[in-house]
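Some notes on the structure that comes next.
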Amino acid sequence: MQLILASASPARLATLTNAGINPIVRVSNVDEETIEANMGSSTPSEIAQALAQAKCEKVTQELADSNELTPNTIVIGCDSVFELNGKPYGKPENAAQAKSRWQEMMNATGILHTGHYITFTNEHGEQNTAEATASTQVHLGELTEDEMDAYVKSGEPLAVAGGFTLDGLGGAFVQGVTGDPSNVVGISLPTVRKLLTELGITWTNLWNQAR
């Protein structure tokens, strides 16, 4: 069984690894900005799901084109979008935007949407797919000006959807979550397990065997 993670996110990789799954990382390099621009008035959850599908399908096609898509290959694509007051927030473009967003997000509750899209090529070479979007409420705290400046200066907010993390430096600024915490990190383990089950794959059979 070969499991491919179509994402460059260290947090997604660490989440899977800590759960006993050892994926092979294959970065999709999809043009996220163009995809989002073409989606018009789509909701944040729809954007997250579309980006996850694009990542998964691109990596799956690249594997097929290079004859690396062997039987029993799983490809997982994920993408996260933070929603605040109905607006989507991806990765901040620069430090000034990251700080501006945090000024909006303080003492607020937003929703972190993570799209999941999986392709599975079975032992007969047949390809099946499963998809789902998971959403988790995130309750953010209040930062002092010095804390906000230090956090933005760290560079971490520029690398993640919404401009914050739960599993890194930003964890101290998250008051709590309602829903699946792993979803906030960027990949919902219960969601992935459910989707794999739909595809006939037992989660525990992947423990430390997918490399």
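By order in the structure tokens, chains are A, B, ...; within a chain, residues start at 1; ligands start at 1, following the order shown.
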Can I get the residues of range 133-188 of chain A within 9 Å of range 112-116 of chain A, each with the closest pair of atoms and their distance in Å to one decimal, using only C-alpha atoms, sorted chain first then ascending number, as JSON lines?
```
{"residue": "A:Thr133", "atom": "CA", "partner": "A:Gly115", "partner_atom": "CA", "distance": 4.3}
{"residue": "A:Ala134", "atom": "CA", "partner": "A:Thr114", "partner_atom": "CA", "distance": 5.4}
{"residue": "A:Ser135", "atom": "CA", "partner": "A:His113", "partner_atom": "CA", "distance": 4.4}
{"residue": "A:Thr136", "atom": "CA", "partner": "A:Leu112", "partner_atom": "CA", "distance": 5.3}
{"residue": "A:Gln137", "atom": "CA", "partner": "A:Leu112", "partner_atom": "CA", "distance": 6.3}
{"residue": "A:Val138", "atom": "CA", "partner": "A:Leu112", "partner_atom": "CA", "distance": 6.9}
{"residue": "A:Ala161", "atom": "CA", "partner": "A:Leu112", "partner_atom": "CA", "distance": 8.4}
{"residue": "A:Gly162", "atom": "CA", "partner": "A:Leu112", "partner_atom": "CA", "distance": 8.1}
{"residue": "A:Asn183", "atom": "CA", "partner": "A:Thr114", "partner_atom": "CA", "distance": 6.4}
{"residue": "A:Val184", "atom": "CA", "partner": "A:Leu112", "partner_atom": "CA", "distance": 6.0}
{"residue": "A:Gly186", "atom": "CA", "partner": "A:Thr114", "partner_atom": "CA", "distance": 6.3}
{"residue": "A:Ile187", "atom": "CA", "partner": "A:Thr114", "partner_atom": "CA", "distance": 6.7}
{"residue": "A:Ser188", "atom": "CA", "partner": "A:Thr114", "partner_atom": "CA", "distance": 7.5}
```
For C-alpha atoms, I'd like the residues from the last selection saved as an mmCIF file, in the first residue's frame.
```
data_model
loop_
_atom_site.group_PDB
_atom_site.id
_atom_site.type_symbol
_atom_site.label_atom_id
_atom_site.label_comp_id
_atom_site.auth_asym_id
_atom_site.auth_seq_id
_atom_site.Cartn_x
_atom_site.Cartn_y
_atom_site.Cartn_z
ATOM 1 C CA THR A 133 -15.069 19.034 4.030
ATOM 2 C CA ALA A 134 -14.589 19.226 7.803
ATOM 3 C CA SER A 135 -15.317 22.433 9.708
ATOM 4 C CA THR A 136 -14.175 23.382 13.207
ATOM 5 C CA GLN A 137 -14.988 26.500 15.209
ATOM 6 C CA VAL A 138 -11.919 28.346 16.496
ATOM 7 C CA ALA A 161 -4.555 29.670 6.423
ATOM 8 C CA GLY A 162 -6.034 32.405 8.568
ATOM 9 C CA ASN A 183 -8.845 19.717 11.366
ATOM 10 C CA VAL A 184 -7.473 23.081 12.563
ATOM 11 C CA GLY A 186 -4.906 21.073 8.384
ATOM 12 C CA ILE A 187 -6.051 17.460 8.080
ATOM 13 C CA SER A 188 -8.981 15.929 9.952
#
```
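Neighbours of Ile21 in chain A closer than or equal to 10 Å, with only C-alpha atoms counted and sequence neighbours fewer than 2 positions away skipped, come out as Leu3, Leu13, Ala14, Thr15, Leu16, Thr17, Asn18, Ala19, Pro23, Ile24, Trp203, Thr204, Asn205, Leu206, Trp207, Asn208, Gln209, Ala210 and Arg211 of chain A.
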Can I get the selected residues back with C-alpha atoms, as a short mmCIF file (atom, residue, chain, number, x, y, z; two decimals), in the first residue's frame?
```cif
data_model
loop_
_atom_site.label_atom_id
_atom_site.label_comp_id
_atom_site.auth_asym_id
_atom_site.auth_seq_id
_atom_site.Cartn_x
_atom_site.Cartn_y
_atom_site.Cartn_z
CA LEU A 3 0.03 6.54 0.54
CA LEU A 13 2.74 15.44 7.58
CA ALA A 14 3.41 15.56 11.33
CA THR A 15 -0.26 14.95 12.13
CA LEU A 16 -0.34 11.81 9.99
CA THR A 17 3.03 10.61 11.26
CA ASN A 18 1.99 11.05 14.89
CA ALA A 19 -1.13 9.01 14.10
CA PRO A 23 3.04 9.09 3.82
CA ILE A 24 5.23 9.98 0.89
CA TRP A 203 -7.21 2.73 8.89
CA THR A 204 -5.27 0.50 11.27
CA ASN A 205 -3.84 -1.48 8.37
CA LEU A 206 -1.97 1.69 7.35
CA TRP A 207 -0.14 2.14 10.62
CA ASN A 208 3.55 2.46 9.73
CA GLN A 209 3.04 0.47 6.54
CA ALA A 210 2.37 3.14 3.94
CA ARG A 211 5.93 3.96 2.95
#
```
Which residues of range 19-117 of chain A come within 10 Å of range 140-156 of chain A, and what is each one's closest atom pair and distance in Å (one decimal), counting only C-alpha atoms, sorted by chain and residue number, as a tab-separated table?
```
residue	atom	partner	partner_atom	distance
A:Asn94	CA	A:Val152	CA	9.3
A:Ala95	CA	A:Val152	CA	6.0
A:Ala96	CA	A:Val152	CA	8.4
A:Gln97	CA	A:Val152	CA	9.6
A:Ala98	CA	A:Val152	CA	6.6
A:Lys99	CA	A:Val152	CA	6.5
A:Ser100	CA	A:Met148	CA	9.9
A:Trp102	CA	A:Met148	CA	7.6
A:Gln103	CA	A:Met148	CA	8.6
A:Met105	CA	A:Leu140	CA	6.7
A:Met106	CA	A:Glu142	CA	4.9
A:Asn107	CA	A:Gly141	CA	4.8
A:Ala108	CA	A:Leu140	CA	5.6
A:Thr109	CA	A:Leu140	CA	6.1
A:Gly110	CA	A:Leu140	CA	8.0
```
Restricted to C-alpha atoms, what would the selected residues look like written as a tab-separated table (two decimals), in the first residue's frame?
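Once written, again03.tsv looks like this:
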```tsv
chain	number	residue	atom	x	y	z
A	94	ASN	CA	2.60	39.84	3.85
A	95	ALA	CA	3.29	40.88	7.44
A	96	ALA	CA	1.06	43.95	7.26
A	97	GLN	CA	-1.90	41.85	6.14
A	98	ALA	CA	-1.21	39.26	8.82
A	99	LYS	CA	-1.30	41.94	11.53
A	100	SER	CA	-4.43	43.53	10.08
A	102	TRP	CA	-5.23	39.50	13.70
A	103	GLN	CA	-6.68	42.86	14.68
A	105	MET	CA	-9.74	38.12	14.64
A	106	MET	CA	-9.00	38.97	18.27
A	107	ASN	CA	-11.75	37.87	20.67
A	108	ALA	CA	-13.67	36.43	17.71
A	109	THR	CA	-14.85	32.99	16.67
A	110	GLY	CA	-14.17	31.81	13.14
```
Counting only C-alpha atoms, the residue among A:Ser45, A:Glu68, A:Glu93, A:Thr191 that lies closest to Val81 in chain A is A:Ser45
Please identify the alpha helix (DSSP H) residues within range 28-180 of chain A (assignment by DSSP from backbone atoms) and present them as an MDAnalysis selection string. chainID A and resid 32:37 44:65 95:105 145:154
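Here CA of Thr70 in chain A stands at a distance of 25.5 Å from CA of Gln49 in chain A.
Near Val75 in chain A, within 7 Å and counting only C-alpha atoms, sit Leu3, Ile4, Leu5, Ala6, Cys56, Thr60, Ile118, Thr119 and Phe120 of chain A; same-chain residues fewer than 6 positions away were not included.
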Write the selection just made, keeping N, CA and C atoms, as an mmCIF file, in the first residue's frame?
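Listing of selection-v5.cif after writing:
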```cif
data_model
loop_
_atom_site.group_PDB
_atom_site.id
_atom_site.type_symbol
_atom_site.label_atom_id
_atom_site.label_comp_id
_atom_site.auth_asym_id
_atom_site.auth_seq_id
_atom_site.Cartn_x
_atom_site.Cartn_y
_atom_site.Cartn_z
ATOM 1 N N LEU A 3 0.848 5.378 0.205
ATOM 2 C CA LEU A 3 0.029 6.540 0.538
ATOM 3 C C LEU A 3 0.796 7.813 0.236
ATOM 4 N N ILE A 4 0.214 8.654 -0.623
ATOM 5 C CA ILE A 4 0.842 9.905 -1.046
ATOM 6 C C ILE A 4 0.086 11.071 -0.435
ATOM 7 N N LEU A 5 0.801 11.978 0.202
ATOM 8 C CA LEU A 5 0.208 13.215 0.712
ATOM 9 C C LEU A 5 0.523 14.332 -0.271
ATOM 10 N N ALA A 6 -0.526 14.847 -0.928
ATOM 11 C CA ALA A 6 -0.340 15.899 -1.937
ATOM 12 C C ALA A 6 -0.352 17.266 -1.276
ATOM 13 N N CYS A 56 -5.109 16.920 -5.239
ATOM 14 C CA CYS A 56 -5.125 15.461 -5.335
ATOM 15 C C CYS A 56 -5.118 14.996 -6.789
ATOM 16 N N THR A 60 -2.200 12.846 -8.656
ATOM 17 C CA THR A 60 -2.607 11.538 -9.184
ATOM 18 C C THR A 60 -2.286 11.440 -10.673
ATOM 19 N N ILE A 118 -9.658 12.260 -1.832
ATOM 20 C CA ILE A 118 -8.805 11.069 -1.894
ATOM 21 C C ILE A 118 -9.077 10.276 -3.165
ATOM 22 N N THR A 119 -8.006 9.878 -3.834
ATOM 23 C CA THR A 119 -8.123 8.908 -4.920
ATOM 24 C C THR A 119 -7.457 7.612 -4.463
ATOM 25 N N PHE A 120 -8.074 6.498 -4.815
ATOM 26 C CA PHE A 120 -7.511 5.197 -4.484
ATOM 27 C C PHE A 120 -7.522 4.320 -5.728
#
```
